Amino acid sequence: MLETIEIVTGADPAASVIWLHGLGADGHDFEPVVEALDLSGLAPIRFVFPHAPIRPVTINGGMAMRAWYDVLSLDFGSRRTDEEGIRSAARQLEELIRHENGRGVDDARVVLAGFSQGGAIALHAGLRHPRPLAGIMALSTYLPLASSLAAEASAANRGVPIFMAHGRGDTVIPFQFGESCARMLQAAGYALEWNDYFMEHGVAPEELRDISAWLSRVLGRAPKPTSPGQIRPGR
């Protein structure tokens, strides 16, 4: 199983957020986010931050770094995709979910989250997971292997709450590509909440506020939003 960093917000956590980092980072990258989130009123949560394996990355000249899969091209709409790497990372994520099950956390209390490459794996694996999840959070990312989703999607997660967010100034994964993936999922009937921010490839304070509210909804505190599943105009 992948090496992980864990933060718990209280004794005997009954929910888990498995949060995957981006290319070249590691599990420490999003540790500070836990303190920045407003989790008041929620039962204790276990945040699990795994480290991706170290592998050569083509777009970086073959340099070895932590990566969930190889990136063969900067054209994210290209057919040149490391399919085996993506599927391998999804299997590793499934192993982490089973580990949480073994610690008494049901799938329905597990949120899969990720940033950039990590968000791509969270989306890919979550939409194919055979049992209902609490939610999927995909930040500054896109849907990989989109052409295979219709055939591989799990009926159990057709209604899973999805939080997608992207920076309008993102030059790593273009905003338009992330938005087009969100529109595709909405057209397929997924309950996706889209948020965009005036930022580059990162996380904004307003985004942390929106993530806090979304986690509160999917893990049991606040009422549902007035207009779920709609792309909101830029702010």
# chains A, B, ... in the order shown; residues from 1 in each chain; ligands from 1

call {"tool": "closest_atom_pairs", "arguments": {"of": "segment 34-128 of chain A", "to": "segment 3-27 of chain A", "cutoff": "10 Å", "atoms": "only C-alpha atoms", "output": "CSV"}}
result
residue,atom,partner,partner_atom,distance
A:Val34,CA,A:Ile7,CA,7.9
A:Glu35,CA,A:Thr9,CA,9.2
A:Leu39,CA,A:Thr9,CA,8.7
A:Leu42,CA,A:Thr9,CA,9.4
A:Ala43,CA,A:Ala14,CA,7.0
A:Pro44,CA,A:Pro13,CA,4.5
A:Ile45,CA,A:Pro13,CA,4.8
A:Arg46,CA,A:Val8,CA,4.4
A:Phe47,CA,A:Val17,CA,4.8
A:Val48,CA,A:Ile18,CA,4.7
A:Phe49,CA,A:Gly27,CA,4.7
A:Pro50,CA,A:Thr4,CA,4.0
A:His51,CA,A:Gly27,CA,4.8
A:Ala52,CA,A:Asp26,CA,6.7
A:Pro53,CA,A:Glu3,CA,9.1
A:Ile54,CA,A:Gly24,CA,8.8
A:Arg55,CA,A:Gly24,CA,9.9
A:Val57,CA,A:Leu23,CA,9.2
A:Ala64,CA,A:Gly24,CA,8.9
A:Met65,CA,A:Gly24,CA,5.4
A:Arg66,CA,A:Gly24,CA,4.9
A:Ala67,CA,A:Leu23,CA,5.0
A:Trp68,CA,A:Leu23,CA,7.3
A:Tyr69,CA,A:Leu23,CA,8.7
A:Asp70,CA,A:Leu23,CA,9.4
A:Val71,CA,A:Leu23,CA,9.2
A:Leu93,CA,A:Ile18,CA,8.4
A:Leu96,CA,A:Ile18,CA,7.9
A:Ile97,CA,A:Ile18,CA,8.0
A:Glu100,CA,A:Ser16,CA,7.3
A:Asn101,CA,A:Ser16,CA,9.7
A:Arg103,CA,A:Ala14,CA,9.2
A:Gly104,CA,A:Ala14,CA,7.4
A:Val105,CA,A:Ala14,CA,5.7
A:Asp106,CA,A:Ala15,CA,7.9
A:Asp107,CA,A:Ala15,CA,8.9
A:Ala108,CA,A:Ala15,CA,8.6
A:Arg109,CA,A:Ala15,CA,4.8
A:Val110,CA,A:Ser16,CA,4.9
A:Val111,CA,A:Val17,CA,4.7
A:Leu112,CA,A:Ile18,CA,5.1
A:Ala113,CA,A:Trp19,CA,4.5
A:Gly114,CA,A:Leu20,CA,4.3
A:Phe115,CA,A:Gly22,CA,5.4
A:Ser116,CA,A:Gly22,CA,5.1
A:Gln117,CA,A:Gly22,CA,4.9
A:Gly118,CA,A:Leu20,CA,4.4
A:Gly119,CA,A:Leu20,CA,6.8
A:Ala120,CA,A:Leu20,CA,9.3
A:Ile121,CA,A:Leu20,CA,8.0
A:Ala122,CA,A:Leu20,CA,7.5

call {"tool": "residues_around", "arguments": {"residues": "Met184 of chain A", "least_positions_apart": "6", "cutoff": "12 Å", "atoms": "only C-alpha atoms", "output": "list in words"}}
result
Tyr142, Leu143, Ala146, Ser147, Leu149, Ala150, Phe177, Gly178, Tyr190, Ala191, Leu192, Trp194, Gly229 and Ile231 of chain A

call {"tool": "residues_around", "arguments": {"residues": "Gly189 of chain A", "least_positions_apart": "3", "cutoff": "8 Å", "atoms": "only C-alpha atoms", "output": "MDAnalysis selection string"}}
result
chainID A and resid 158 185:186

call {"tool": "decode", "arguments": {"residues": "segment 109-157 of chain A", "atoms": "N, CA and C atoms", "output": "PDB file, in the first residue's frame"}}
result
ATOM      1  N   ARG A 109     -18.902   7.038   3.553  1.00  0.00           N
ATOM      2  CA  ARG A 109     -18.329   8.099   4.384  1.00  0.00           C
ATOM      3  C   ARG A 109     -16.907   8.445   3.935  1.00  0.00           C
ATOM      4  N   VAL A 110     -16.579   8.059   2.690  1.00  0.00           N
ATOM      5  CA  VAL A 110     -15.260   8.343   2.128  1.00  0.00           C
ATOM      6  C   VAL A 110     -15.384   9.371   1.015  1.00  0.00           C
ATOM      7  N   VAL A 111     -14.590  10.431   1.097  1.00  0.00           N
ATOM      8  CA  VAL A 111     -14.480  11.424   0.028  1.00  0.00           C
ATOM      9  C   VAL A 111     -13.142  11.210  -0.672  1.00  0.00           C
ATOM     10  N   LEU A 112     -13.182  11.105  -2.002  1.00  0.00           N
ATOM     11  CA  LEU A 112     -11.951  11.064  -2.785  1.00  0.00           C
ATOM     12  C   LEU A 112     -11.668  12.473  -3.282  1.00  0.00           C
ATOM     13  N   ALA A 113     -10.472  12.967  -3.013  1.00  0.00           N
ATOM     14  CA  ALA A 113     -10.115  14.337  -3.376  1.00  0.00           C
ATOM     15  C   ALA A 113      -8.748  14.348  -4.045  1.00  0.00           C
ATOM     16  N   GLY A 114      -8.503  15.378  -4.847  1.00  0.00           N
ATOM     17  CA  GLY A 114      -7.193  15.490  -5.454  1.00  0.00           C
ATOM     18  C   GLY A 114      -7.021  16.798  -6.189  1.00  0.00           C
ATOM     19  N   PHE A 115      -5.758  17.179  -6.334  1.00  0.00           N
ATOM     20  CA  PHE A 115      -5.387  18.392  -7.047  1.00  0.00           C
ATOM     21  C   PHE A 115      -4.603  18.019  -8.289  1.00  0.00           C
ATOM     22  N   SER A 116      -4.947  18.621  -9.435  1.00  0.00           N
ATOM     23  CA  SER A 116      -4.232  18.430 -10.685  1.00  0.00           C
ATOM     24  C   SER A 116      -4.191  16.949 -11.043  1.00  0.00           C
ATOM     25  N   GLN A 117      -3.008  16.340 -11.151  1.00  0.00           N
ATOM     26  CA  GLN A 117      -2.933  14.905 -11.445  1.00  0.00           C
ATOM     27  C   GLN A 117      -3.723  14.086 -10.433  1.00  0.00           C
ATOM     28  N   GLY A 118      -3.627  14.459  -9.174  1.00  0.00           N
ATOM     29  CA  GLY A 118      -4.361  13.731  -8.136  1.00  0.00           C
ATOM     30  C   GLY A 118      -5.861  13.832  -8.312  1.00  0.00           C
ATOM     31  N   GLY A 119      -6.325  15.003  -8.765  1.00  0.00           N
ATOM     32  CA  GLY A 119      -7.753  15.172  -9.020  1.00  0.00           C
ATOM     33  C   GLY A 119      -8.223  14.313 -10.180  1.00  0.00           C
ATOM     34  N   ALA A 120      -7.356  14.163 -11.195  1.00  0.00           N
ATOM     35  CA  ALA A 120      -7.699  13.311 -12.332  1.00  0.00           C
ATOM     36  C   ALA A 120      -7.910  11.874 -11.885  1.00  0.00           C
ATOM     37  N   ILE A 121      -7.059  11.382 -10.983  1.00  0.00           N
ATOM     38  CA  ILE A 121      -7.205  10.024 -10.477  1.00  0.00           C
ATOM     39  C   ILE A 121      -8.444   9.897  -9.594  1.00  0.00           C
ATOM     40  N   ALA A 122      -8.711  10.913  -8.769  1.00  0.00           N
ATOM     41  CA  ALA A 122      -9.911  10.876  -7.927  1.00  0.00           C
ATOM     42  C   ALA A 122     -11.168  10.772  -8.784  1.00  0.00           C
ATOM     43  N   LEU A 123     -11.230  11.555  -9.872  1.00  0.00           N
ATOM     44  CA  LEU A 123     -12.382  11.491 -10.775  1.00  0.00           C
ATOM     45  C   LEU A 123     -12.469  10.132 -11.476  1.00  0.00           C
ATOM     46  N   HIS A 124     -11.353   9.709 -12.041  1.00  0.00           N
ATOM     47  CA  HIS A 124     -11.343   8.445 -12.782  1.00  0.00           C
ATOM     48  C   HIS A 124     -11.782   7.287 -11.891  1.00  0.00           C
ATOM     49  N   ALA A 125     -11.174   7.170 -10.729  1.00  0.00           N
ATOM     50  CA  ALA A 125     -11.464   6.044  -9.844  1.00  0.00           C
ATOM     51  C   ALA A 125     -12.845   6.161  -9.206  1.00  0.00           C
ATOM     52  N   GLY A 126     -13.194   7.375  -8.772  1.00  0.00           N
ATOM     53  CA  GLY A 126     -14.463   7.553  -8.075  1.00  0.00           C
ATOM     54  C   GLY A 126     -15.675   7.225  -8.922  1.00  0.00           C
ATOM     55  N   LEU A 127     -15.647   7.621 -10.185  1.00  0.00           N
ATOM     56  CA  LEU A 127     -16.804   7.379 -11.057  1.00  0.00           C
ATOM     57  C   LEU A 127     -16.922   5.906 -11.446  1.00  0.00           C
ATOM     58  N   ARG A 128     -15.875   5.135 -11.225  1.00  0.00           N
ATOM     59  CA  ARG A 128     -15.883   3.704 -11.530  1.00  0.00           C
ATOM     60  C   ARG A 128     -15.987   2.838 -10.281  1.00  0.00           C
ATOM     61  N   HIS A 129     -15.943   3.458  -9.101  1.00  0.00           N
ATOM     62  CA  HIS A 129     -15.950   2.699  -7.841  1.00  0.00           C
ATOM     63  C   HIS A 129     -17.277   1.949  -7.683  1.00  0.00           C
ATOM     64  N   PRO A 130     -17.243   0.687  -7.277  1.00  0.00           N
ATOM     65  CA  PRO A 130     -18.464  -0.128  -7.288  1.00  0.00           C
ATOM     66  C   PRO A 130     -19.461   0.130  -6.169  1.00  0.00           C
ATOM     67  N   ARG A 131     -19.086   0.919  -5.164  1.00  0.00           N
ATOM     68  CA  ARG A 131     -20.002   1.210  -4.059  1.00  0.00           C
ATOM     69  C   ARG A 131     -20.142   2.719  -3.880  1.00  0.00           C
ATOM     70  N   PRO A 132     -21.297   3.191  -3.397  1.00  0.00           N
ATOM     71  CA  PRO A 132     -21.515   4.642  -3.264  1.00  0.00           C
ATOM     72  C   PRO A 132     -20.498   5.300  -2.348  1.00  0.00           C
ATOM     73  N   LEU A 133     -19.938   6.419  -2.820  1.00  0.00           N
ATOM     74  CA  LEU A 133     -19.019   7.231  -2.042  1.00  0.00           C
ATOM     75  C   LEU A 133     -19.736   8.454  -1.478  1.00  0.00           C
ATOM     76  N   ALA A 134     -19.106   9.127  -0.515  1.00  0.00           N
ATOM     77  CA  ALA A 134     -19.671  10.369   0.014  1.00  0.00           C
ATOM     78  C   ALA A 134     -19.544  11.498  -0.994  1.00  0.00           C
ATOM     79  N   GLY A 135     -18.449  11.510  -1.753  1.00  0.00           N
ATOM     80  CA  GLY A 135     -18.251  12.593  -2.718  1.00  0.00           C
ATOM     81  C   GLY A 135     -16.902  12.475  -3.402  1.00  0.00           C
ATOM     82  N   ILE A 136     -16.747  13.272  -4.471  1.00  0.00           N
ATOM     83  CA  ILE A 136     -15.488  13.361  -5.210  1.00  0.00           C
ATOM     84  C   ILE A 136     -15.145  14.842  -5.349  1.00  0.00           C
ATOM     85  N   MET A 137     -13.933  15.215  -4.976  1.00  0.00           N
ATOM     86  CA  MET A 137     -13.480  16.599  -5.088  1.00  0.00           C
ATOM     87  C   MET A 137     -12.292  16.649  -6.045  1.00  0.00           C
ATOM     88  N   ALA A 138     -12.446  17.385  -7.137  1.00  0.00           N
ATOM     89  CA  ALA A 138     -11.432  17.423  -8.191  1.00  0.00           C
ATOM     90  C   ALA A 138     -11.032  18.871  -8.445  1.00  0.00           C
ATOM     91  N   LEU A 139      -9.808  19.229  -8.058  1.00  0.00           N
ATOM     92  CA  LEU A 139      -9.359  20.617  -8.089  1.00  0.00           C
ATOM     93  C   LEU A 139      -8.336  20.845  -9.194  1.00  0.00           C
ATOM     94  N   SER A 140      -8.569  21.857 -10.020  1.00  0.00           N
ATOM     95  CA  SER A 140      -7.629  22.252 -11.083  1.00  0.00           C
ATOM     96  C   SER A 140      -7.203  21.047 -11.905  1.00  0.00           C
ATOM     97  N   THR A 141      -8.188  20.337 -12.439  1.00  0.00           N
ATOM     98  CA  THR A 141      -7.898  19.072 -13.090  1.00  0.00           C
ATOM     99  C   THR A 141      -8.838  18.820 -14.256  1.00  0.00           C
ATOM    100  N   TYR A 142      -8.883  17.583 -14.702  1.00  0.00           N
ATOM    101  CA  TYR A 142      -9.682  17.191 -15.855  1.00  0.00           C
ATOM    102  C   TYR A 142     -10.060  15.724 -15.710  1.00  0.00           C
ATOM    103  N   LEU A 143     -10.891  15.218 -16.608  1.00  0.00           N
ATOM    104  CA  LEU A 143     -11.308  13.816 -16.586  1.00  0.00           C
ATOM    105  C   LEU A 143     -10.461  13.019 -17.567  1.00  0.00           C
ATOM    106  N   PRO A 144      -9.583  12.138 -17.073  1.00  0.00           N
ATOM    107  CA  PRO A 144      -8.776  11.323 -17.989  1.00  0.00           C
ATOM    108  C   PRO A 144      -9.574  10.134 -18.516  1.00  0.00           C
ATOM    109  N   LEU A 145      -9.144   9.582 -19.640  1.00  0.00           N
ATOM    110  CA  LEU A 145      -9.801   8.417 -20.257  1.00  0.00           C
ATOM    111  C   LEU A 145     -11.309   8.632 -20.354  1.00  0.00           C
ATOM    112  N   ALA A 146     -11.697   9.852 -20.749  1.00  0.00           N
ATOM    113  CA  ALA A 146     -13.113  10.206 -20.786  1.00  0.00           C
ATOM    114  C   ALA A 146     -13.910   9.320 -21.742  1.00  0.00           C
ATOM    115  N   SER A 147     -13.279   8.873 -22.828  1.00  0.00           N
ATOM    116  CA  SER A 147     -14.006   8.091 -23.828  1.00  0.00           C
ATOM    117  C   SER A 147     -14.430   6.723 -23.312  1.00  0.00           C
ATOM    118  N   SER A 148     -13.799   6.243 -22.241  1.00  0.00           N
ATOM    119  CA  SER A 148     -14.156   4.932 -21.704  1.00  0.00           C
ATOM    120  C   SER A 148     -15.150   5.005 -20.553  1.00  0.00           C
ATOM    121  N   LEU A 149     -15.506   6.228 -20.118  1.00  0.00           N
ATOM    122  CA  LEU A 149     -16.349   6.358 -18.930  1.00  0.00           C
ATOM    123  C   LEU A 149     -17.723   5.744 -19.118  1.00  0.00           C
ATOM    124  N   ALA A 150     -18.371   5.982 -20.241  1.00  0.00           N
ATOM    125  CA  ALA A 150     -19.732   5.480 -20.434  1.00  0.00           C
ATOM    126  C   ALA A 150     -19.792   3.967 -20.248  1.00  0.00           C
ATOM    127  N   ALA A 151     -18.787   3.260 -20.730  1.00  0.00           N
ATOM    128  CA  ALA A 151     -18.778   1.804 -20.630  1.00  0.00           C
ATOM    129  C   ALA A 151     -18.347   1.314 -19.256  1.00  0.00           C
ATOM    130  N   GLU A 152     -17.585   2.124 -18.542  1.00  0.00           N
ATOM    131  CA  GLU A 152     -16.995   1.666 -17.283  1.00  0.00           C
ATOM    132  C   GLU A 152     -17.610   2.293 -16.038  1.00  0.00           C
ATOM    133  N   ALA A 153     -18.458   3.296 -16.192  1.00  0.00           N
ATOM    134  CA  ALA A 153     -19.021   4.005 -15.041  1.00  0.00           C
ATOM    135  C   ALA A 153     -19.797   3.065 -14.135  1.00  0.00           C
ATOM    136  N   SER A 154     -19.671   3.292 -12.844  1.00  0.00           N
ATOM    137  CA  SER A 154     -20.398   2.493 -11.862  1.00  0.00           C
ATOM    138  C   SER A 154     -21.779   3.099 -11.608  1.00  0.00           C
ATOM    139  N   ALA A 155     -22.805   2.263 -11.658  1.00  0.00           N
ATOM    140  CA  ALA A 155     -24.159   2.737 -11.362  1.00  0.00           C
ATOM    141  C   ALA A 155     -24.250   3.233  -9.926  1.00  0.00           C
ATOM    142  N   ALA A 156     -23.424   2.667  -9.043  1.00  0.00           N
ATOM    143  CA  ALA A 156     -23.465   3.044  -7.629  1.00  0.00           C
ATOM    144  C   ALA A 156     -23.112   4.501  -7.408  1.00  0.00           C
ATOM    145  N   ASN A 157     -22.328   5.099  -8.315  1.00  0.00           N
ATOM    146  CA  ASN A 157     -21.900   6.491  -8.136  1.00  0.00           C
ATOM    147  C   ASN A 157     -22.424   7.421  -9.224  1.00  0.00           C
TER     148      ASN A 157
END
